[in-house]
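S.K.: Here you go, this is target.txt (compact mmCIF, C-alpha atoms).
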```
# COMPACT_ATOMS: atom_id res chain seq x y z
CA MET Y 61 -177.93 -93.53 257.25
CA ASN Y 62 -176.33 -90.40 255.80
CA LYS Y 63 -176.67 -86.92 257.24
CA PHE Y 64 -179.19 -85.87 254.61
CA LYS Y 65 -181.59 -88.61 255.63
CA LEU Y 66 -181.08 -87.58 259.23
CA LEU Y 67 -181.95 -84.01 258.28
CA LEU Y 68 -185.10 -85.15 256.57
CA ALA Y 69 -186.11 -87.21 259.57
CA PHE Y 70 -186.08 -84.10 261.71
CA VAL Y 71 -187.39 -81.60 259.16
CA PHE Y 72 -190.42 -83.80 258.65
CA SER Y 73 -190.81 -84.87 262.27
CA VAL Y 74 -194.50 -84.05 262.37
CA THR Y 75 -197.78 -85.78 261.78
CA ALA Y 76 -200.83 -84.10 263.23
CA SER Y 77 -204.57 -84.52 263.37
CA LEU Y 78 -205.22 -80.78 263.05
CA LYS Y 79 -206.46 -79.81 259.59
CA THR Y 80 -205.70 -76.47 257.98
CA VAL Y 81 -206.86 -74.87 254.76
CA ALA Y 82 -204.33 -74.14 252.02
CA GLN Y 83 -204.01 -70.54 250.83
CA GLU Y 84 -204.72 -69.20 254.33
CA PRO Y 85 -202.19 -67.98 256.90
CA VAL Y 86 -202.11 -70.39 259.81
CA ASN Y 87 -202.57 -69.23 263.36
CA PRO Y 88 -200.67 -71.75 265.52
CA ALA Y 89 -202.52 -70.71 268.67
CA ALA Y 90 -203.93 -74.23 268.98
CA LEU Y 91 -200.59 -75.87 268.22
CA GLY Y 92 -199.26 -76.99 271.55
CA GLY Y 93 -197.73 -80.42 271.69
CA VAL Y 94 -194.26 -80.57 270.15
CA MET Y 95 -192.19 -78.18 268.08
CA GLY Y 96 -189.28 -79.62 266.13
CA THR Y 97 -186.46 -77.51 264.72
CA THR Y 98 -183.62 -78.40 262.38
CA ASP Y 99 -180.61 -76.08 262.37
CA VAL Y 100 -178.92 -75.63 259.00
CA VAL Y 101 -176.43 -73.35 257.24
CA VAL Y 102 -177.84 -72.47 253.83
CA SER Y 103 -175.75 -71.29 250.89
CA ASP Y 104 -178.73 -70.26 248.74
CA ILE Y 105 -181.64 -69.23 250.94
CA PRO Y 106 -184.11 -68.33 248.14
CA GLY Y 107 -183.37 -71.62 246.39
CA TYR Y 108 -183.70 -73.62 249.59
CA VAL Y 109 -187.03 -72.04 250.53
CA ALA Y 110 -188.32 -72.54 246.99
CA ALA Y 111 -187.37 -76.23 247.16
CA LEU Y 112 -189.29 -76.62 250.42
CA LYS Y 113 -192.39 -74.92 249.03
CA GLU Y 114 -192.28 -76.77 245.72
CA ASN Y 115 -192.45 -80.09 247.57
CA SER Y 116 -195.46 -79.23 249.71
CA GLN Y 117 -197.15 -82.48 248.70
CA LEU Y 118 -194.66 -84.27 250.95
CA PHE Y 119 -195.83 -82.22 253.92
CA ALA Y 120 -199.40 -83.20 253.06
CA VAL Y 121 -198.48 -86.90 253.06
CA LEU Y 122 -197.48 -86.52 256.70
CA ASN Y 123 -200.55 -84.40 257.59
CA TYR Y 124 -198.31 -81.51 258.61
CA SER Y 125 -200.04 -78.76 260.57
CA LEU Y 126 -197.51 -75.99 260.07
CA ALA Y 127 -193.92 -75.59 258.93
CA GLY Y 128 -191.76 -72.52 258.61
CA PHE Y 129 -188.30 -71.28 257.73
CA CYS Y 130 -186.31 -68.75 259.78
CA GLU Y 131 -183.10 -66.96 258.79
CA ALA Y 132 -180.82 -65.70 261.57
CA VAL Y 133 -180.19 -61.96 261.33
CA SER Y 134 -178.29 -61.64 264.63
CA GLY Y 135 -176.26 -64.12 266.63
CA GLY Y 136 -175.51 -66.54 263.80
CA VAL Y 137 -173.01 -67.15 261.01
CA PRO Y 138 -173.89 -66.18 257.41
CA GLY Y 139 -176.65 -68.44 256.12
CA GLU Y 140 -177.52 -69.82 259.57
CA SER Y 141 -181.19 -70.80 259.53
CA LEU Y 142 -183.71 -73.21 260.97
CA VAL Y 143 -186.74 -75.13 259.76
CA PHE Y 144 -189.47 -75.65 262.35
CA ASN Y 145 -192.59 -77.76 262.50
CA PHE Y 146 -195.46 -78.56 264.85
CA SER Y 147 -196.77 -81.94 266.02
CA ASN Y 148 -199.72 -82.61 268.29
CA SER Y 149 -197.70 -85.08 270.39
CA LEU Y 150 -194.38 -86.87 270.74
CA GLU Y 151 -196.14 -90.05 269.68
CA THR Y 152 -197.07 -88.69 266.27
CA ALA Y 153 -193.71 -86.96 265.80
CA LEU Y 154 -191.70 -90.11 266.49
CA ALA Y 155 -194.07 -92.44 264.64
CA SER Y 156 -193.56 -90.44 261.43
CA TYR Y 157 -189.92 -91.55 261.09
CA ASP Y 158 -190.75 -94.90 259.47
CA THR Y 159 -192.56 -93.15 256.62
CA GLN Y 160 -189.84 -90.56 256.24
CA LEU Y 161 -187.03 -93.09 255.97
CA ASN Y 162 -188.78 -95.59 253.69
CA ASP Y 163 -190.62 -93.42 251.17
CA PRO Y 164 -188.68 -93.03 247.85
CA ALA Y 165 -190.18 -89.56 247.39
CA PHE Y 166 -188.38 -88.38 250.50
CA ALA Y 167 -185.07 -89.75 249.26
CA SER Y 168 -185.49 -87.77 246.05
CA PHE Y 169 -186.38 -84.65 248.01
CA VAL Y 170 -183.25 -84.99 250.16
CA ALA Y 171 -181.10 -85.25 247.05
CA ASN Y 172 -182.60 -82.00 245.76
CA LEU Y 173 -181.69 -80.23 249.02
CA GLU Y 174 -178.02 -81.26 248.98
CA PRO Y 175 -176.72 -78.25 246.99
CA PHE Y 176 -178.34 -75.76 249.35
CA ARG Y 177 -177.43 -76.54 252.95
CA GLU Y 178 -175.37 -78.21 255.65
CA LEU Y 179 -177.00 -79.89 258.64
CA VAL Y 180 -175.94 -78.47 262.02
CA GLY Y 181 -178.30 -80.12 264.51
CA SER Y 182 -181.87 -80.78 265.57
CA ARG Y 183 -184.11 -80.19 268.57
CA GLN Y 184 -187.47 -81.49 269.77
CA ALA Y 185 -189.29 -79.53 272.45
CA GLN Y 186 -192.61 -79.74 274.23
CA VAL Y 187 -194.55 -76.48 274.03
CA ILE Y 188 -195.36 -75.16 277.51
CA ARG Y 189 -196.66 -71.70 276.55
CA PRO Y 190 -198.11 -71.78 273.00
CA TYR Y 191 -198.35 -69.02 270.45
CA THR Y 192 -201.50 -66.95 271.08
CA GLY Y 193 -201.01 -64.04 268.69
CA PRO Y 194 -202.56 -63.11 265.35
CA ALA Y 195 -202.33 -65.21 262.19
CA LEU Y 196 -199.07 -64.43 260.40
CA THR Y 197 -197.35 -65.47 257.17
CA THR Y 198 -194.09 -63.63 257.95
CA TRP Y 199 -192.78 -62.64 261.38
CA ALA Y 200 -189.70 -62.12 263.55
CA THR Y 201 -188.49 -63.94 266.65
CA ARG Y 202 -185.93 -63.66 269.39
CA ASN Y 203 -184.96 -67.19 270.47
CA LEU Y 204 -183.49 -67.25 273.96
CA TYR Y 205 -182.26 -70.41 275.71
CA VAL Y 206 -181.97 -70.04 279.47
CA ARG Y 207 -181.22 -72.05 282.58
CA ALA Y 208 -183.80 -71.75 285.35
CA GLU Y 209 -183.47 -73.60 288.66
CA ASN Y 210 -187.22 -73.26 289.19
CA PRO Y 211 -188.73 -73.65 285.69
CA GLN Y 212 -192.31 -72.96 286.80
CA ALA Y 213 -191.34 -69.70 288.48
CA TYR Y 214 -189.62 -68.61 285.29
CA ILE Y 215 -192.59 -69.60 283.12
CA ASP Y 216 -194.93 -67.64 285.39
CA ALA Y 217 -192.65 -64.59 285.20
CA VAL Y 218 -192.57 -64.78 281.39
CA GLY Y 219 -196.37 -64.95 281.31
CA ALA Y 220 -196.63 -61.88 283.54
CA LEU Y 221 -194.20 -59.99 281.30
CA GLU Y 222 -196.23 -60.86 278.21
CA SER Y 223 -199.44 -59.65 279.87
CA THR Y 224 -197.77 -56.41 280.93
CA ALA Y 225 -196.42 -55.77 277.43
CA ARG Y 226 -199.79 -56.47 275.82
CA ALA Y 227 -201.46 -54.01 278.18
CA ASN Y 228 -198.98 -51.31 277.19
CA GLY Y 229 -199.12 -51.19 273.41
CA PHE Y 230 -197.71 -54.58 272.39
CA ALA Y 231 -200.80 -56.73 271.90
CA ASP Y 232 -199.01 -58.37 268.95
CA LEU Y 233 -196.19 -59.78 271.13
CA THR Y 234 -196.27 -63.43 272.22
CA LEU Y 235 -193.72 -65.09 274.51
CA MET Y 236 -193.66 -68.83 273.87
CA VAL Y 237 -191.88 -71.23 276.25
CA GLN Y 238 -190.62 -74.69 275.35
CA GLN Y 239 -188.72 -77.48 277.10
CA GLU Y 240 -186.45 -79.77 275.10
CA VAL Y 241 -186.99 -83.53 274.98
CA GLY Y 242 -184.36 -86.14 274.12
CA SER Y 243 -181.70 -83.55 273.37
CA GLY Y 244 -179.21 -84.41 276.09
CA ASN Y 245 -180.08 -81.29 278.07
CA THR Y 246 -181.49 -81.19 281.59
CA SER Y 247 -184.99 -80.03 282.49
CA ASP Y 248 -183.78 -76.61 283.67
CA LEU Y 249 -183.04 -75.56 280.06
CA LEU Y 250 -185.96 -73.59 278.61
CA ALA Y 251 -186.44 -71.89 275.27
CA VAL Y 252 -188.28 -68.57 275.22
CA ILE Y 253 -189.37 -67.41 271.77
CA ALA Y 254 -190.58 -63.82 271.47
CA VAL Y 255 -192.78 -63.53 268.36
CA SER Y 256 -193.68 -60.22 266.67
CA PRO Y 257 -195.08 -59.41 263.21
CA SER Y 258 -191.81 -57.81 262.02
CA LEU Y 259 -188.23 -57.13 263.02
CA ALA Y 260 -189.14 -53.49 263.68
CA ARG Y 261 -191.98 -54.44 266.03
CA LEU Y 262 -189.77 -56.96 267.78
CA GLY Y 263 -187.13 -54.29 268.29
CA ALA Y 264 -189.71 -51.83 269.60
CA ALA Y 265 -190.96 -54.42 272.10
CA LEU Y 266 -187.44 -55.17 273.30
CA ASP Y 267 -186.71 -51.44 273.65
CA ALA Y 268 -189.83 -50.98 275.76
CA ILE Y 269 -189.32 -54.05 277.94
CA THR Y 270 -185.78 -53.00 278.86
CA GLY Y 271 -186.38 -49.25 279.02
CA GLU Y 272 -189.94 -48.31 279.96
CA GLY Y 273 -191.08 -47.87 283.55
CA TRP Y 274 -194.20 -49.99 283.10
CA ALA Y 275 -192.02 -53.02 282.27
CA GLN Y 276 -189.47 -52.61 285.06
CA ASP Y 277 -190.99 -54.91 287.69
CA ALA Y 278 -192.11 -57.63 285.28
CA PHE Y 279 -188.76 -57.71 283.49
CA ALA Y 280 -186.87 -57.79 286.79
CA SER Y 281 -188.89 -60.85 287.83
CA VAL Y 282 -187.93 -62.65 284.61
CA GLN Y 283 -184.26 -61.83 285.14
CA ALA Y 284 -184.38 -63.00 288.76
CA ALA Y 285 -185.99 -66.33 287.82
CA ARG Y 286 -183.26 -67.40 285.39
CA SER Y 287 -179.71 -68.34 286.30
CA ARG Y 288 -178.07 -67.67 282.93
CA ILE Y 289 -178.61 -67.31 279.18
CA THR Y 290 -177.00 -70.02 277.03
CA GLU Y 291 -178.07 -68.90 273.53
CA ASP Y 292 -179.60 -65.73 272.07
CA LYS Y 293 -180.49 -65.20 268.39
CA ILE Y 294 -182.89 -63.13 266.29
CA TYR Y 295 -184.62 -64.51 263.19
CA ARG Y 296 -186.90 -63.38 260.41
CA CYS Y 297 -189.35 -66.12 259.51
CA GLN Y 298 -191.89 -67.18 256.92
CA GLN Y 299 -194.52 -69.86 256.59
CA ILE Y 300 -193.64 -72.61 254.11
CA TYR Y 301 -196.56 -75.01 254.68
CA PRO Y 302 -199.50 -74.88 254.15
CA ALA Y 303 -198.84 -73.02 250.90
CA ILE Y 304 -199.84 -69.35 250.87
```
Since I need it in another form, could you write the structure as structure tokens?

M.R.:
Amino acid sequence: MNKFKLLLAFVFSVTASLKTVAQEPVNPAALGGVMGTTDVVVSDIPGYVAALKENSQLFAVLNYSLAGFCEAVSGGVPGESLVFNFSNSLETALASYDTQLNDPAFASFVANLEPFRELVGSRQAQVIRPYTGPALTTWATRNLYVRAENPQAYIDAVGALESTARANGFADLTLMVQQEVGSGNTSDLLAVIAVSPSLARLGAALDAITGEGWAQDAFASVQAARSRITEDKIYRCQQIYPAI
């Protein structure tokens, strides 16, 4: 199996029972379950995104709920990006591999992606705190991977920080938390994804959380509950399926 088929297996690692309507922005508030990401370095980002969108019928074959593309703007090398997707369970995510690897349409799609990107790696994670913000078609995220000796204490602290921020002018900020599955990492590794409608709003939220008095106690609790940060990147993102 070559690396391009492996990429496809992870990019399309979702089948879901949730139905969405094309031409509408999708609010993933109900999308718990599993989030899969595929890390890539893309030489032609507009061309790569266009190729993903032009093959939306392949997402439909797998009953995809939501897929998106994020380009790193801080913390990555030029062209560093990720493709993410949602599944309602590990069962449906893993069961989709047979279709992905045996359907000739997928093989053709992989061949069309070859000029655009290099596969770096993949992750599967169970969603512990889901997205609960407004429906978005473009957005920004800060993706933070941390070690926490007491994961539940850290998750609770993140939830309290989100509530505090929303009560102080940042109702459009969501702090998702995920825990990786089958990645070789231990259970104390958590991913926290801060989601805002734009890079400017994300920056404003980060300024306030680290600098305003109302955030001091909540932010200190988050810092105390984690042992160290292992990865920290900022992305600008867009929805690629359903089509908009």

S.K.: Let me make sure I understand: among Y:Ile289, Y:Ile269, Y:Ala195, Y:Val133, which one has the smallest atom-to-atom distance to Val252 of chain Y if we use all atoms listed in the file?

M.R.: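 Answer, going by the shortest atom-to-atom distance: Y:Ile289.
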
S.K.: If you count only C-alpha atoms, which residues fall within 8 Å of segment 114-118 of chain Y, apart from same-chain ones fewer than 5 positions away, as a list in words?

M.R.: Ala165, Phe166, Phe169, Tyr301, Pro302 and Ala303 of chain Y

S.K.: To one decimal place in Å, what is the distance between atom CA of Asp104 of chain Y and atom CA of Leu179 of chain Y?

M.R.: 13.9 Å

S.K.: For Gln299 of chain Y, list every protein, DNA or RNA residue within 7 Å, evaluated using all atoms listed in the file, and leave out those in the same chain fewer than 5 positions away; present the list as number ranges by chain.

M.R.: Y: 127-129, 197-198

S.K.: Here is a test: counting all atoms listed in the file, which residue of Y:Gln283, Y:Ser103, Y:Ser141, Y:Ser243 is nearest to Ala217 of chain Y?

M.R.: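 Using all atoms listed in the file, the shortest distance to Ala217 of chain Y belongs to Y:Gln283.
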
S.K.: Mind working out the centre and edge lengths of an axis-aligned box for segment 276-294 of chain Y, all listed atoms inside, 6 Å added to each side, rounded to one decimal in Å and written as AutoDock Vina command-line options?

M.R.:
```
--center_x -184.6 --center_y -61.3 --center_z 277.5 --size_x 27.1 --size_y 29.4 --size_z 34.5
```

S.K.: One number please: atom CA of Val206 of chain Y to atom CA of Gly181 of chain Y, in Å, one decimal.

M.R.: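 Distance reported for this atom pair: 18.4 Å.
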
S.K.: Which of these residues is nearest to Val137 of chain Y, using all atoms listed in the file: Y:Ile294, Y:Leu259, Y:Ala155, Y:Ala284?

M.R.: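 With all atoms listed in the file as the atom set, the closest residue is Y:Ile294.
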
S.K.: How would segment 255-279 of chain Y read, as a PDB file, keeping the file's coordinate frame, once N, CA and C atoms are built in?

M.R.:
```pdb
ATOM      1  N   VAL Y 255    -192.271 -63.589 269.729  1.00  0.00           N
ATOM      2  CA  VAL Y 255    -192.780 -63.530 268.360  1.00  0.00           C
ATOM      3  C   VAL Y 255    -193.472 -62.195 268.131  1.00  0.00           C
ATOM      4  N   SER Y 256    -193.059 -61.479 267.070  1.00  0.00           N
ATOM      5  CA  SER Y 256    -193.680 -60.220 266.670  1.00  0.00           C
ATOM      6  C   SER Y 256    -193.893 -60.231 265.156  1.00  0.00           C
ATOM      7  N   PRO Y 257    -194.787 -59.382 264.646  1.00  0.00           N
ATOM      8  CA  PRO Y 257    -195.080 -59.410 263.210  1.00  0.00           C
ATOM      9  C   PRO Y 257    -193.912 -59.008 262.315  1.00  0.00           C
ATOM     10  N   SER Y 258    -192.929 -58.271 262.844  1.00  0.00           N
ATOM     11  CA  SER Y 258    -191.810 -57.810 262.020  1.00  0.00           C
ATOM     12  C   SER Y 258    -190.598 -57.585 262.905  1.00  0.00           C
ATOM     13  N   LEU Y 259    -189.438 -57.447 262.271  1.00  0.00           N
ATOM     14  CA  LEU Y 259    -188.230 -57.130 263.020  1.00  0.00           C
ATOM     15  C   LEU Y 259    -188.352 -55.789 263.723  1.00  0.00           C
ATOM     16  N   ALA Y 260    -188.978 -54.809 263.060  1.00  0.00           N
ATOM     17  CA  ALA Y 260    -189.140 -53.490 263.680  1.00  0.00           C
ATOM     18  C   ALA Y 260    -190.005 -53.567 264.929  1.00  0.00           C
ATOM     19  N   ARG Y 261    -191.113 -54.307 264.855  1.00  0.00           N
ATOM     20  CA  ARG Y 261    -191.980 -54.440 266.030  1.00  0.00           C
ATOM     21  C   ARG Y 261    -191.295 -55.219 267.139  1.00  0.00           C
ATOM     22  N   LEU Y 262    -190.521 -56.225 266.771  1.00  0.00           N
ATOM     23  CA  LEU Y 262    -189.770 -56.960 267.780  1.00  0.00           C
ATOM     24  C   LEU Y 262    -188.781 -56.040 268.477  1.00  0.00           C
ATOM     25  N   GLY Y 263    -188.072 -55.228 267.699  1.00  0.00           N
ATOM     26  CA  GLY Y 263    -187.130 -54.290 268.290  1.00  0.00           C
ATOM     27  C   GLY Y 263    -187.805 -53.281 269.190  1.00  0.00           C
ATOM     28  N   ALA Y 264    -188.971 -52.789 268.771  1.00  0.00           N
ATOM     29  CA  ALA Y 264    -189.710 -51.830 269.600  1.00  0.00           C
ATOM     30  C   ALA Y 264    -190.126 -52.463 270.921  1.00  0.00           C
ATOM     31  N   ALA Y 265    -190.564 -53.724 270.868  1.00  0.00           N
ATOM     32  CA  ALA Y 265    -190.960 -54.420 272.100  1.00  0.00           C
ATOM     33  C   ALA Y 265    -189.770 -54.602 273.028  1.00  0.00           C
ATOM     34  N   LEU Y 266    -188.630 -54.986 272.474  1.00  0.00           N
ATOM     35  CA  LEU Y 266    -187.440 -55.170 273.300  1.00  0.00           C
ATOM     36  C   LEU Y 266    -186.970 -53.850 273.903  1.00  0.00           C
ATOM     37  N   ASP Y 267    -187.044 -52.766 273.115  1.00  0.00           N
ATOM     38  CA  ASP Y 267    -186.710 -51.440 273.650  1.00  0.00           C
ATOM     39  C   ASP Y 267    -187.585 -51.110 274.850  1.00  0.00           C
ATOM     40  N   ALA Y 268    -188.888 -51.341 274.700  1.00  0.00           N
ATOM     41  CA  ALA Y 268    -189.830 -50.980 275.760  1.00  0.00           C
ATOM     42  C   ALA Y 268    -189.642 -51.839 277.003  1.00  0.00           C
ATOM     43  N   ILE Y 269    -189.445 -53.141 276.803  1.00  0.00           N
ATOM     44  CA  ILE Y 269    -189.320 -54.050 277.940  1.00  0.00           C
ATOM     45  C   ILE Y 269    -188.084 -53.729 278.780  1.00  0.00           C
ATOM     46  N   THR Y 270    -187.017 -53.298 278.124  1.00  0.00           N
ATOM     47  CA  THR Y 270    -185.780 -53.000 278.860  1.00  0.00           C
ATOM     48  C   THR Y 270    -185.659 -51.542 279.265  1.00  0.00           C
ATOM     49  N   GLY Y 271    -186.564 -50.669 278.756  1.00  0.00           N
ATOM     50  CA  GLY Y 271    -186.380 -49.250 279.020  1.00  0.00           C
ATOM     51  C   GLY Y 271    -187.548 -48.495 279.605  1.00  0.00           C
ATOM     52  N   GLU Y 272    -188.768 -49.031 279.488  1.00  0.00           N
ATOM     53  CA  GLU Y 272    -189.940 -48.310 279.960  1.00  0.00           C
ATOM     54  C   GLU Y 272    -190.262 -48.653 281.416  1.00  0.00           C
ATOM     55  N   GLY Y 273    -190.763 -47.667 282.141  1.00  0.00           N
ATOM     56  CA  GLY Y 273    -191.080 -47.870 283.550  1.00  0.00           C
ATOM     57  C   GLY Y 273    -192.133 -48.922 283.793  1.00  0.00           C
ATOM     58  N   TRP Y 274    -193.126 -49.017 282.890  1.00  0.00           N
ATOM     59  CA  TRP Y 274    -194.200 -49.990 283.100  1.00  0.00           C
ATOM     60  C   TRP Y 274    -193.710 -51.433 283.048  1.00  0.00           C
ATOM     61  N   ALA Y 275    -192.544 -51.662 282.406  1.00  0.00           N
ATOM     62  CA  ALA Y 275    -192.020 -53.020 282.270  1.00  0.00           C
ATOM     63  C   ALA Y 275    -191.004 -53.380 283.347  1.00  0.00           C
ATOM     64  N   GLN Y 276    -190.606 -52.417 284.160  1.00  0.00           N
ATOM     65  CA  GLN Y 276    -189.470 -52.610 285.060  1.00  0.00           C
ATOM     66  C   GLN Y 276    -189.661 -53.793 286.006  1.00  0.00           C
ATOM     67  N   ASP Y 277    -190.787 -53.847 286.703  1.00  0.00           N
ATOM     68  CA  ASP Y 277    -190.990 -54.910 287.690  1.00  0.00           C
ATOM     69  C   ASP Y 277    -191.122 -56.279 287.031  1.00  0.00           C
ATOM     70  N   ALA Y 278    -191.896 -56.347 285.948  1.00  0.00           N
ATOM     71  CA  ALA Y 278    -192.110 -57.630 285.280  1.00  0.00           C
ATOM     72  C   ALA Y 278    -190.814 -58.165 284.685  1.00  0.00           C
ATOM     73  N   PHE Y 279    -190.018 -57.279 284.081  1.00  0.00           N
ATOM     74  CA  PHE Y 279    -188.760 -57.710 283.490  1.00  0.00           C
ATOM     75  C   PHE Y 279    -187.766 -58.130 284.569  1.00  0.00           C
TER      76      PHE Y 279
END
```
